[in-house]
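A.B. asks: Handing you a structure now.
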Amino acid sequence: MPARVLILRAAGTNCDAETAYAWQLAGAKAETIHVKRLMHDPALLRAFDVLTIPGGFSYGDDISAGTILANQLMQSAGDELLRFLEGGKLILGICNGFQVLVKTGLLPGPGVGSRVVTLSDNRSGSFESRWVRLRSGITACRFLPPGVMLELPVAHAQGRLLCRDDKVLQSLIHNHHVCLTYAGTGGQPCRYPDNPNGSDADIAGLTDTTGQILGLMPHPERFVTTFQHPLWTRRRVEGEPDGLTIFKTALASLGG
Amino acid sequence: MISVWRVEVAPKSESLDVPSREVLGDIHRFGFEHVRAVRSCRIYLLQGNLDRDMVDDLARAVLCDPVSEVYACAPDSPDWSGTKVGRVPPAAPPARAAGETRPTGDGAIEVHYRPGVMDPVALSARRALNERIAALNPPKPMHVTAARTARRYTITGARNAEELEQIALGVLANTCIETVCICGFDRRDRRLTTMPEAPVQPFELRTVAIRKLDGPELERLSRKAHLFLSRMEMEVIRDHFRALGREPTDLELDTLAQAWSEHCAHKTLKSAVIYRGDDFGREGEVEVYFDNLFESTIARATSKLNRDWCWSVFEDNAGVVAFDDDCGIAFKVETHNHPSAIEPYGGAATGIGGCIRDIMGCGLGAKPIASTDVFCVAPPDYPRDRLPRGVLHPARVLKGVVAGVGDYGNRMGVPTVNGAVHFDERYLANPLVFCGTVGLIPRKFIHKGPKPGDRIVLVGGRTGRDGIHGATFSSAELTESHPDEFSHAVQIGNPIEQKKVLDALLQARDHRSGCLYRTITDCGAGGLSNAVGEMGAKLGAVVDLEKVPLKYAGLRYDEIWVSEAQERMVLAVPPERLDTLLTICQAEDVEVSTIGWFTDDRRLVVRYAGTVVGDLQMSFVHEGLPKITRRATWTAPNGKGPALKLKHPGDLSRELPARLRSYNVASKEWIIRRYDHEVQGGSVVKPLCGPGAGPSDAAVFRPLLDGWRGVAIACGLCPHVSDRDPYWMAIRAVDEALRNLICVGADPSRVAILDNFCWGACDTPEALGALARACKGASDAAVAFGLPFISGKDSLNNQFSQTSAQARRLGLPETITIPGTLLISGLGIIEDVRQCVTMDLKRPGHPIALVACPADGMGLERAFVAHNSVSRAIRAGGVSAAHDISDGGLAVALAEMCIAGNLGLRVDLGQAYGDDPAARLFEEYPTGYILECASGDIIRGVGGVKLGEVTQTPELVITSGGKPIIELEVEVLARAWREPFTHVAGGCPTSSRFCRSQGPKRAP
């Protein structure tokens, strides 16, 4: 039976359709559900194997990106979410979804401390829509093959990952939370614009200690066919598109 | 106890205060380079029975980010200071005695919304805070009853309060929608202690005595009441009410002014025109009678072409063409010029918002899938001391409109895929903002129509005082008093509200029992007056205005009727389907109100709390506008137009970088990167091409992710040609849009176009003659190239008048009229997007060909043959890169292809241009293609000339008869092309190159 994926939607979510399409292309069955339904009936989570919070501007990024949806989730479905994770299930937050996961405290999660990292205004001061090169870390993350280079687009104004202090940053690195970093042409550390937002240590994505949660600023759902890559007209981009790899890796880890 | 609490939230450190860095840059560019630092903070004013602990919790848990921000909170009072709660927001100035004067140092500026202005963040905050309170479940029930937000800037280094005021008005705030409060120096730190509320007026039915007025009196009334109707139109209205034996109500006059406005009725373009002047595209003079200028030119082209894939043209909010057997593509382009002139951010945001609503209201509702934007502004380095009163600086206008379009489109989740910017000083006081949106609509939902008895249902945002008289305001010329007089015409957008409406409406449209409503339209220009008036034109309608949900109490009935408050749609719903619609909308938190019903008596009856405040015959509203016949004339200006002007005639290797640096040519990457052009996942050809991010000719995307069929979008715009002849300007614009589409692989036999005319006042025969020539040019080109018009819009009176004293002082004309501007937007259907081509050079050794096809030189028919043969070669796969030659000429097009592909070119112009290679390279009005071909055979097939070939060495070498005339490294070209906007916008670097062509690679 294909894995069941819940795509969570709220006012202002706008990447739900292509995210559902990407999961389906990878072999899962995706269902889009409004957060009001989940708030009303948190137990409906139990029927799913993966929770995905897609990109967009939930509640217009009002107050700050992800804050309002994060509060709604934790206030109404916090217990169910913990139970969901205890059952070995997966959570994916893309862009605004990553912002939500960080603001719930689910990322980086136990071990590092609650609400010690945030996603803040891009250092450039503006929205950044561009493709980035990424390197996956050696972590337990169940969405990413470890130690590979990937290319995906970003599109956000608040994606700068900030740690409260250097101790928090070191703890993220040492405890294998840093599963995705922006990288230069040879995979090395980089500066703007290769690091599009000025994140500490080029961090583009985080996972929790179990590897069940992935939050990332780039959009894997926007690279599931070759013809979405900006340079496809130059050389036939061969092999599996990097975004699709992420969805497929997650499904494989579920044993599907 | 109800009191107002103040919460200030500030970035923890200077390095985290990113918005302030932008502001400081703007202040320096504004001319105040001595200002040393700016720090900002957000302010929330919360009203409700909250106690200190609760406010502290709300601030900590909801309003403030624990990692990057600090906060302070206390009851708001005139002498409030952040120190009182023990946490000093770094942005707050040190406490000091009121009235203290300092020579230099810190001052602060607070920016608050004016009462009644939409504040979306406050609405979200109130909701989130009340959710938090509910989760905490305090023993004593508490509630946030109202919330407002504001911004506070601490400025270090300003010399006095007057400077702060100039900074506040010039950089930080727009007094149309905001008020500022200057703190520090000799100004007392005055804070608001209560929630400001909009004034409330009691209901009173007002009539306007017009039956006894004569012509001049009617004209004065028209201007004073912001009706902007002509004397003749006012006389028709007066005579109508004389015949009825009563005076009109203010609402009735307003209804007629909206419906008869240039903006809504397009009365100039639809008038009868007797044209006498130069022939069209031929020598000699002619006299031509156009029974209806628009019908006889633009619309006739479409009916003559009679394409079966045009499913809906000129009759709906947008035109619709076939995409495949089941689905159509809707396309609409709108202008939002006057609102953007006085409030660029809000004007442009609601421009794109309104255009997206047009798509949502097309047929029974299309899904918006892509947007375009085109701006015409004055150069961003225009001298500040030559700025007329009441005019915003072009750099501020440009930044504002870019941010406005970006924020609205990004938040709605509609990718902004294509656009253009054109610079000319004549757009100084009257910038142009074109917004376009493409939608996807199932064929079965294309037609609509209400029935008597259907309920009139208002869905979406609430109604406020924002945007009153937008339709009439945009139909008049701008003057220096406009920012004050028409601040109420500015609308404020809330894209998330509109996204909710879209989510709800698509569910209602696709309901398993069939569409839940019979008609839908957006509530745009003219508000309910136009929306209901047009929907019920063939039936009749009764509206009860007290049922319209308001943002705040106290709107007058006529304000409710014409308010252009955003994010509202009007539906005709059969009574038995209301409940289902309501359930869907409630689930999406979208408000629904039944405000009336459709009748069959062809009367428009408007009531307020039982009193009839308007009762008009639909026939008078829609057919009463007197039709006029006007004279038009045109004579070609003397001479051949401006000769080619070179900055460096002796050294073309310096001329080319100078051309690349010109604003019209230079890279617009800083704009493009601010728009999400890939949301929805369909992007195929992006606005920037190749490793060097060169300018794409057109955008291509897939509306349906599970197929390879695509849509291509492009534009054509060349207002500078208008000065020579608007007829050729229009042909050029059509030609350019078509060439751009062909370059990415579109099939010219499946291209539809849209026309957007922006002109000055057309009250003289000369001005009308210019417009008539443009209409004729557009229609001649459309017929010759087989491109049906499917939708369009015109915006007239784009000019600015100032006092003669000011004009003399600034060295400007008293009336600044924009150049006649026609934007042609092209829409092509692509069978298989995998065949698309981009403009970046691909492979060393490939030959490069020039295909020149100037319509004014070779005639429209032969130009069309050239377009077709180029298109066939591209679609057959023989062309690996194609680029249109337009602004900047041949040399610029070659340079752009090198920059995009990061490869070189070796080109020889041949003996033919030996005498004057400069003319060939930098010609003012070029048209043609440059093609990188797979083989020499292809060049012969398209009737092209081989210019040279692609080289591995990234260098552009141009020779003439073997003699080198330009030798430049691509790096030098790229730097010149990317640099110009850095001082406007801080620039936008291009990412380092991508190298990947395989699946995930092991990291090195």
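Each chain of the structure tokens is named A, B, ... in the order shown, its residues numbered from 1; ligands are numbered from 1 in display order.
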Pick out each residue of range 24-243 of chain A that DSSP on the backbone tags as strand (DSSP E or B); I need them as a VMD selection string.
C.D. replies: chain A and resid 29 to 34 50 to 53 56 90 to 94 117 to 120 128 to 136 148 to 156 160 to 163 178 to 182 203 to 207 213 to 216
A.B. asks: Going by DSSP on the backbone, which residues of range 303-466 of chain B come out as helix (DSSP H, G or I)? List them as number ranges by chain.
C.D. replies: B: 303-305, 337-342, 344-360, 384-386, 394-412, 425-427, 443-445
A.B. asks: Which residue is closest to chain B? Choose from A:Ala30, A:Ala252, A:Val178, A:Leu25 and count only C-alpha atoms.
C.D. replies: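 Among the listed residues, A:Leu25 lies closest to chain B.
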A.B. asks: Show me, as a JSON list (two decimals) with all heavy atoms, in the first residue's frame, the residues that have an atom within 9 Å of range 775-777 of chain B when counting only C-alpha atoms, minus same-chain residues fewer than 6 positions from it.
C.D. replies:
```json
[["chain", "number", "residue", "atom", "x", "y", "z"],
["B", 280, "PHE", "N", -2.02, 55.34, -43.70],
["B", 280, "PHE", "CA", -1.47, 54.37, -42.77],
["B", 280, "PHE", "C", -0.49, 53.45, -43.49],
["B", 280, "PHE", "O", -0.90, 52.55, -44.21],
["B", 280, "PHE", "CB", -2.59, 53.55, -42.13],
["B", 280, "PHE", "CG", -3.58, 54.41, -41.39],
["B", 280, "PHE", "CD1", -4.77, 54.81, -41.98],
["B", 280, "PHE", "CD2", -3.29, 54.85, -40.11],
["B", 280, "PHE", "CE1", -5.67, 55.61, -41.31],
["B", 280, "PHE", "CE2", -4.19, 55.66, -39.42],
["B", 280, "PHE", "CZ", -5.39, 56.05, -40.02],
["B", 281, "GLY", "N", 0.79, 53.70, -43.29],
["B", 281, "GLY", "CA", 1.80, 52.84, -43.88],
["B", 281, "GLY", "C", 2.03, 53.10, -45.35],
["B", 281, "GLY", "O", 2.76, 52.35, -45.99],
["B", 293, "LEU", "N", -14.08, 53.71, -32.94],
["B", 293, "LEU", "CA", -12.65, 53.53, -33.19],
["B", 293, "LEU", "C", -12.18, 52.13, -32.80],
["B", 293, "LEU", "O", -11.48, 51.46, -33.54],
["B", 293, "LEU", "CB", -11.85, 54.60, -32.43],
["B", 293, "LEU", "CG", -10.34, 54.61, -32.64],
["B", 293, "LEU", "CD1", -9.96, 54.72, -34.10],
["B", 293, "LEU", "CD2", -9.70, 55.75, -31.84],
["B", 294, "PHE", "N", -12.60, 51.68, -31.63],
["B", 294, "PHE", "CA", -12.18, 50.37, -31.14],
["B", 294, "PHE", "C", -12.75, 49.25, -32.01],
["B", 294, "PHE", "O", -12.03, 48.36, -32.47],
["B", 294, "PHE", "CB", -12.62, 50.20, -29.68],
["B", 294, "PHE", "CG", -12.47, 48.80, -29.18],
["B", 294, "PHE", "CD1", -11.23, 48.32, -28.80],
["B", 294, "PHE", "CD2", -13.58, 47.96, -29.08],
["B", 294, "PHE", "CE1", -11.09, 47.02, -28.34],
["B", 294, "PHE", "CE2", -13.44, 46.66, -28.62],
["B", 294, "PHE", "CZ", -12.19, 46.20, -28.26],
["B", 296, "SER", "N", -13.85, 49.38, -35.03],
["B", 296, "SER", "CA", -13.42, 49.41, -36.43],
["B", 296, "SER", "C", -11.97, 48.98, -36.60],
["B", 296, "SER", "O", -11.54, 48.77, -37.72],
["B", 296, "SER", "CB", -13.56, 50.81, -37.03],
["B", 296, "SER", "OG", -14.69, 51.45, -36.54],
["B", 297, "THR", "N", -11.22, 48.90, -35.52],
["B", 297, "THR", "CA", -9.81, 48.53, -35.68],
["B", 297, "THR", "C", -9.52, 47.22, -34.92],
["B", 297, "THR", "O", -9.51, 46.15, -35.51],
["B", 297, "THR", "CB", -8.88, 49.66, -35.17],
["B", 297, "THR", "OG1", -9.22, 49.99, -33.82],
["B", 297, "THR", "CG2", -9.01, 50.89, -36.03],
["B", 298, "ILE", "N", -9.35, 47.34, -33.61],
["B", 298, "ILE", "CA", -8.92, 46.19, -32.79],
["B", 298, "ILE", "C", -9.92, 45.03, -32.89],
["B", 298, "ILE", "O", -9.55, 43.90, -33.22],
["B", 298, "ILE", "CB", -8.78, 46.63, -31.31],
["B", 298, "ILE", "CG1", -7.87, 47.84, -31.18],
["B", 298, "ILE", "CG2", -8.33, 45.47, -30.45],
["B", 298, "ILE", "CD1", -6.43, 47.59, -31.41],
["B", 726, "PRO", "N", 2.95, 56.94, -34.30],
["B", 726, "PRO", "CA", 2.29, 55.94, -33.45],
["B", 726, "PRO", "C", 1.82, 54.72, -34.24],
["B", 726, "PRO", "O", 1.66, 53.64, -33.68],
["B", 726, "PRO", "CB", 1.08, 56.69, -32.88],
["B", 726, "PRO", "CG", 1.35, 58.13, -33.10],
["B", 726, "PRO", "CD", 2.27, 58.24, -34.27],
["B", 727, "TYR", "N", 1.61, 54.90, -35.57],
["B", 727, "TYR", "CA", 1.20, 53.76, -36.39],
["B", 727, "TYR", "C", 2.29, 52.69, -36.37],
["B", 727, "TYR", "O", 2.05, 51.53, -36.08],
["B", 727, "TYR", "CB", 0.95, 54.24, -37.82],
["B", 727, "TYR", "CG", 0.58, 53.14, -38.79],
["B", 727, "TYR", "CD1", -0.68, 52.57, -38.77],
["B", 727, "TYR", "CD2", 1.52, 52.68, -39.73],
["B", 727, "TYR", "CE1", -1.01, 51.56, -39.66],
["B", 727, "TYR", "CE2", 1.19, 51.67, -40.62],
["B", 727, "TYR", "CZ", -0.08, 51.11, -40.59],
["B", 727, "TYR", "OH", -0.40, 50.10, -41.46],
["B", 728, "TRP", "N", 3.55, 53.14, -36.60],
["B", 728, "TRP", "CA", 4.66, 52.18, -36.61],
["B", 728, "TRP", "C", 5.00, 51.73, -35.20],
["B", 728, "TRP", "O", 5.47, 50.60, -34.99],
["B", 728, "TRP", "CB", 5.87, 52.77, -37.34],
["B", 728, "TRP", "CG", 5.63, 52.81, -38.81],
["B", 728, "TRP", "CD1", 5.45, 53.91, -39.59],
["B", 728, "TRP", "CD2", 5.49, 51.68, -39.68],
["B", 728, "TRP", "NE1", 5.20, 53.55, -40.89],
["B", 728, "TRP", "CE2", 5.22, 52.17, -40.98],
["B", 728, "TRP", "CE3", 5.54, 50.29, -39.49],
["B", 728, "TRP", "CZ2", 5.02, 51.35, -42.08],
["B", 728, "TRP", "CZ3", 5.35, 49.46, -40.59],
["B", 728, "TRP", "CH2", 5.09, 49.99, -41.86],
["B", 729, "MET", "N", 4.77, 52.60, -34.22],
["B", 729, "MET", "CA", 5.00, 52.19, -32.83],
["B", 729, "MET", "C", 4.15, 50.96, -32.53],
["B", 729, "MET", "O", 4.63, 49.97, -31.95],
["B", 729, "MET", "CB", 4.64, 53.34, -31.89],
["B", 729, "MET", "CG", 4.77, 53.05, -30.42],
["B", 729, "MET", "SD", 3.37, 52.16, -29.68],
["B", 729, "MET", "CE", 2.10, 53.43, -29.70],
["B", 730, "ALA", "N", 2.88, 51.01, -32.93],
["B", 730, "ALA", "CA", 1.98, 49.90, -32.62],
["B", 730, "ALA", "C", 2.39, 48.63, -33.36],
["B", 730, "ALA", "O", 2.38, 47.53, -32.80],
["B", 730, "ALA", "CB", 0.55, 50.29, -32.98],
["B", 731, "ILE", "N", 2.77, 48.80, -34.63],
["B", 731, "ILE", "CA", 3.21, 47.63, -35.41],
["B", 731, "ILE", "C", 4.45, 47.01, -34.77],
["B", 731, "ILE", "O", 4.56, 45.80, -34.61],
["B", 731, "ILE", "CB", 3.47, 48.03, -36.87],
["B", 731, "ILE", "CG1", 2.12, 48.32, -37.54],
["B", 731, "ILE", "CG2", 4.23, 46.93, -37.62],
["B", 731, "ILE", "CD1", 2.21, 48.85, -38.94],
["B", 732, "ARG", "N", 5.39, 47.88, -34.36],
["B", 732, "ARG", "CA", 6.60, 47.40, -33.69],
["B", 732, "ARG", "C", 6.26, 46.60, -32.44],
["B", 732, "ARG", "O", 6.88, 45.59, -32.14],
["B", 732, "ARG", "CB", 7.45, 48.58, -33.25],
["B", 732, "ARG", "CG", 8.05, 49.32, -34.37],
["B", 732, "ARG", "CD", 9.41, 48.78, -34.63],
["B", 732, "ARG", "NE", 9.95, 49.46, -35.79],
["B", 732, "ARG", "CZ", 11.20, 49.35, -36.17],
["B", 732, "ARG", "NH1", 12.01, 48.58, -35.49],
["B", 732, "ARG", "NH2", 11.63, 49.98, -37.22],
["B", 734, "VAL", "N", 3.51, 44.96, -31.68],
["B", 734, "VAL", "CA", 2.95, 43.65, -32.03],
["B", 734, "VAL", "C", 4.07, 42.73, -32.51],
["B", 734, "VAL", "O", 4.20, 41.58, -32.10],
["B", 734, "VAL", "CB", 1.86, 43.80, -33.11],
["B", 734, "VAL", "CG1", 1.38, 42.43, -33.59],
["B", 734, "VAL", "CG2", 0.69, 44.63, -32.60],
["B", 757, "PHE", "N", -3.57, 50.41, -24.15],
["B", 757, "PHE", "CA", -3.18, 51.75, -24.58],
["B", 757, "PHE", "C", -3.07, 52.65, -23.36],
["B", 757, "PHE", "O", -3.99, 52.70, -22.54],
["B", 757, "PHE", "CB", -4.24, 52.35, -25.50],
["B", 757, "PHE", "CG", -4.32, 51.71, -26.85],
["B", 757, "PHE", "CD1", -5.14, 50.62, -27.07],
["B", 757, "PHE", "CD2", -3.57, 52.21, -27.91],
["B", 757, "PHE", "CE1", -5.23, 50.02, -28.32],
["B", 757, "PHE", "CE2", -3.65, 51.63, -29.17],
["B", 757, "PHE", "CZ", -4.48, 50.53, -29.37]]
```
A.B. asks: Please determine, counting only C-alpha atoms, which residue among B:Pro719, B:Gly826, B:Pro202, B:Pro695 has the shortest atom-to-atom distance to Met897 in chain B.
C.D. replies: B:Pro695
A.B. asks: Which residues of range 8-35 of chain A have any atom within 12 Å of an atom in range 93-100 of chain A when counting only C-alpha atoms, and what is the closest pair of atoms for each, with the distance in Å to one decimal? Order the rows by chain and rising number and write it as JSON lines.
C.D. replies:
```
{"residue": "A:Leu8", "atom": "CA", "partner": "A:Gly97", "partner_atom": "CA", "distance": 9.2}
{"residue": "A:Arg9", "atom": "CA", "partner": "A:Gly97", "partner_atom": "CA", "distance": 10.0}
{"residue": "A:Ala10", "atom": "CA", "partner": "A:Gly97", "partner_atom": "CA", "distance": 10.8}
{"residue": "A:Gly12", "atom": "CA", "partner": "A:Asn96", "partner_atom": "CA", "distance": 10.1}
{"residue": "A:Thr13", "atom": "CA", "partner": "A:Asn96", "partner_atom": "CA", "distance": 8.3}
{"residue": "A:Asn14", "atom": "CA", "partner": "A:Asn96", "partner_atom": "CA", "distance": 9.8}
{"residue": "A:Cys15", "atom": "CA", "partner": "A:Ile94", "partner_atom": "CA", "distance": 9.1}
{"residue": "A:Asp16", "atom": "CA", "partner": "A:Ile94", "partner_atom": "CA", "distance": 10.3}
{"residue": "A:Glu18", "atom": "CA", "partner": "A:Ile94", "partner_atom": "CA", "distance": 11.9}
{"residue": "A:Thr19", "atom": "CA", "partner": "A:Ile94", "partner_atom": "CA", "distance": 9.2}
```
A.B. asks: Restricting the output to N, CA and C atoms, write the selected residues as a PDB file, in the first residue's frame.
C.D. replies:
```pdb
ATOM      1  N   LEU A   8      -0.627  19.725   4.818  1.00  0.00           N
ATOM      2  CA  LEU A   8      -1.382  20.636   5.690  1.00  0.00           C
ATOM      3  C   LEU A   8      -1.481  22.014   5.038  1.00  0.00           C
ATOM      4  N   ARG A   9      -2.683  22.552   5.024  1.00  0.00           N
ATOM      5  CA  ARG A   9      -2.936  23.810   4.327  1.00  0.00           C
ATOM      6  C   ARG A   9      -3.536  24.799   5.315  1.00  0.00           C
ATOM      7  N   ALA A  10      -3.188  26.059   5.176  1.00  0.00           N
ATOM      8  CA  ALA A  10      -3.807  27.117   5.983  1.00  0.00           C
ATOM      9  C   ALA A  10      -4.014  28.322   5.074  1.00  0.00           C
ATOM     10  N   GLY A  12      -3.204  31.181   3.067  1.00  0.00           N
ATOM     11  CA  GLY A  12      -1.926  31.689   2.596  1.00  0.00           C
ATOM     12  C   GLY A  12      -0.953  30.609   2.154  1.00  0.00           C
ATOM     13  N   THR A  13      -1.246  29.344   2.432  1.00  0.00           N
ATOM     14  CA  THR A  13      -0.420  28.260   1.894  1.00  0.00           C
ATOM     15  C   THR A  13      -0.561  28.300   0.383  1.00  0.00           C
ATOM     16  N   ASN A  14       0.557  28.188  -0.356  1.00  0.00           N
ATOM     17  CA  ASN A  14       0.372  28.239  -1.806  1.00  0.00           C
ATOM     18  C   ASN A  14       1.209  27.251  -2.591  1.00  0.00           C
ATOM     19  N   CYS A  15       1.913  26.350  -1.917  1.00  0.00           N
ATOM     20  CA  CYS A  15       2.666  25.336  -2.664  1.00  0.00           C
ATOM     21  C   CYS A  15       2.065  23.954  -2.455  1.00  0.00           C
ATOM     22  N   ASP A  16       0.822  23.888  -2.001  1.00  0.00           N
ATOM     23  CA  ASP A  16       0.230  22.589  -1.657  1.00  0.00           C
ATOM     24  C   ASP A  16       0.022  21.702  -2.884  1.00  0.00           C
ATOM     25  N   GLU A  18       1.587  21.549  -5.934  1.00  0.00           N
ATOM     26  CA  GLU A  18       2.780  20.937  -6.525  1.00  0.00           C
ATOM     27  C   GLU A  18       3.481  20.015  -5.536  1.00  0.00           C
ATOM     28  N   THR A  19       3.300  20.270  -4.236  1.00  0.00           N
ATOM     29  CA  THR A  19       3.904  19.377  -3.246  1.00  0.00           C
ATOM     30  C   THR A  19       3.160  18.032  -3.244  1.00  0.00           C
TER      31      THR A  19
END
```
A.B. asks: Using only C-alpha atoms, which residue out of A:Ile203, A:Met39, A:Ala157, A:Leu254 lies closest to Gly78 in chain A?
C.D. replies: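 Of the candidates, the smallest distance to Gly78 in chain A is held by A:Met39.
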A.B. asks: Using CA of Pro2 in chain A and CA of Lys29 in chain A as the two end points, give the distance in Å to one decimal.
C.D. replies: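 Spanning CA of Pro2 in chain A to CA of Lys29 in chain A is a straight-line distance of 6.1 Å.
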A.B. asks: Excluding Pro146 in chain A and its own-chain neighbours fewer than 6 positions away, which residues fall within 12 Å of it when counting only C-alpha atoms? Please give them as a list in words.
C.D. replies: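 Contacts, with the query itself left out: Leu134, Arg135, Ser136, Gly137, Ile138, Thr139, Ala140, His176, Val178, Cys179, Leu180, Thr181, Gly211, Thr245, Ile246 and Thr249 of chain A; Pro1000, Lys1001, Arg1002 and Ala1003 of chain B.
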A.B. asks: Hey, could you make a per-residue contact list for range 31-95 of chain A against range 118-135 of chain B with 7 Å as the cut-off, showing the nearest pair of atoms and its distance in Å to one decimal, counting only C-alpha atoms, sorted by chain and number, as JSON lines?
C.D. replies:
```
{"residue": "A:Tyr59", "atom": "CA", "partner": "B:Ser124", "partner_atom": "CA", "distance": 6.8}
{"residue": "A:Asp62", "atom": "CA", "partner": "B:Val121", "partner_atom": "CA", "distance": 5.1}
{"residue": "A:Ile63", "atom": "CA", "partner": "B:Ala125", "partner_atom": "CA", "distance": 6.6}
{"residue": "A:Ile68", "atom": "CA", "partner": "B:Ala128", "partner_atom": "CA", "distance": 6.0}
{"residue": "A:Gln75", "atom": "CA", "partner": "B:Ala135", "partner_atom": "CA", "distance": 6.3}
```
A.B. asks: Write out, as a compact mmCIF listing (two decimals), in the first residue's frame, the residues just selected, with all heavy atoms.
C.D. replies:
```
# COMPACT_ATOMS: atom_id res chain seq x y z
N TYR A 59 -0.96 32.77 6.87
CA TYR A 59 -1.43 33.99 7.54
C TYR A 59 -0.58 35.20 7.15
O TYR A 59 -0.33 36.10 7.95
CB TYR A 59 -1.48 33.79 9.06
CG TYR A 59 -2.39 32.64 9.41
CD1 TYR A 59 -1.86 31.40 9.75
CD2 TYR A 59 -3.77 32.77 9.32
CE1 TYR A 59 -2.69 30.32 10.01
CE2 TYR A 59 -4.61 31.69 9.56
CZ TYR A 59 -4.07 30.48 9.90
OH TYR A 59 -4.90 29.42 10.14
N ASP A 62 2.28 37.38 8.78
CA ASP A 62 2.00 38.46 9.73
C ASP A 62 2.63 38.09 11.08
O ASP A 62 2.68 36.94 11.47
CB ASP A 62 0.49 38.67 9.88
CG ASP A 62 -0.13 39.17 8.58
OD1 ASP A 62 0.63 39.64 7.72
OD2 ASP A 62 -1.35 39.07 8.43
N ILE A 63 3.06 39.09 11.80
CA ILE A 63 3.85 38.99 13.03
C ILE A 63 5.25 38.50 12.64
O ILE A 63 6.18 39.27 12.65
CB ILE A 63 3.22 38.09 14.10
CG1 ILE A 63 1.80 38.61 14.43
CG2 ILE A 63 4.11 38.08 15.36
CD1 ILE A 63 1.04 37.78 15.42
N ILE A 68 2.04 32.12 13.42
CA ILE A 68 0.63 31.90 13.76
C ILE A 68 0.26 30.44 13.56
O ILE A 68 -0.36 29.81 14.42
CB ILE A 68 -0.27 32.85 12.94
CG1 ILE A 68 0.05 34.30 13.30
CG2 ILE A 68 -1.74 32.53 13.17
CD1 ILE A 68 -0.76 35.34 12.55
N GLN A 75 -0.96 24.42 19.92
CA GLN A 75 -2.05 24.59 20.87
C GLN A 75 -3.14 23.54 20.69
O GLN A 75 -3.77 23.12 21.66
CB GLN A 75 -2.66 26.00 20.73
CG GLN A 75 -1.80 27.08 21.40
CD GLN A 75 -2.08 28.47 20.83
OE1 GLN A 75 -3.11 28.70 20.23
NE2 GLN A 75 -1.15 29.38 21.04
```
A.B. asks: Tell me, in Å to one decimal, how far CA of Arg152 in chain B is from CA of Ala565 in chain B.
C.D. replies: 27.1 Å
A.B. asks: Could you check which of A:Ala43, A:Cys141, A:Leu214, A:Ile33 is closest to chain B, using only C-alpha atoms?
C.D. replies: A:Ile33
A.B. asks: Rounded to one decimal in Å, what is the spacing between CA of Leu206 in chain A and CA of Phe127 in chain A?
C.D. replies: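 Atom-to-atom, CA of Leu206 in chain A and CA of Phe127 in chain A are spaced 21.2 Å apart.
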A.B. asks: Tell me which of B:Asp735, B:Glu949, B:Glu22, B:Glu252 sits closest to chain A, counting only C-alpha atoms.
C.D. replies: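 Once distances to chain A are computed over only C-alpha atoms, the minimum belongs to B:Glu22.
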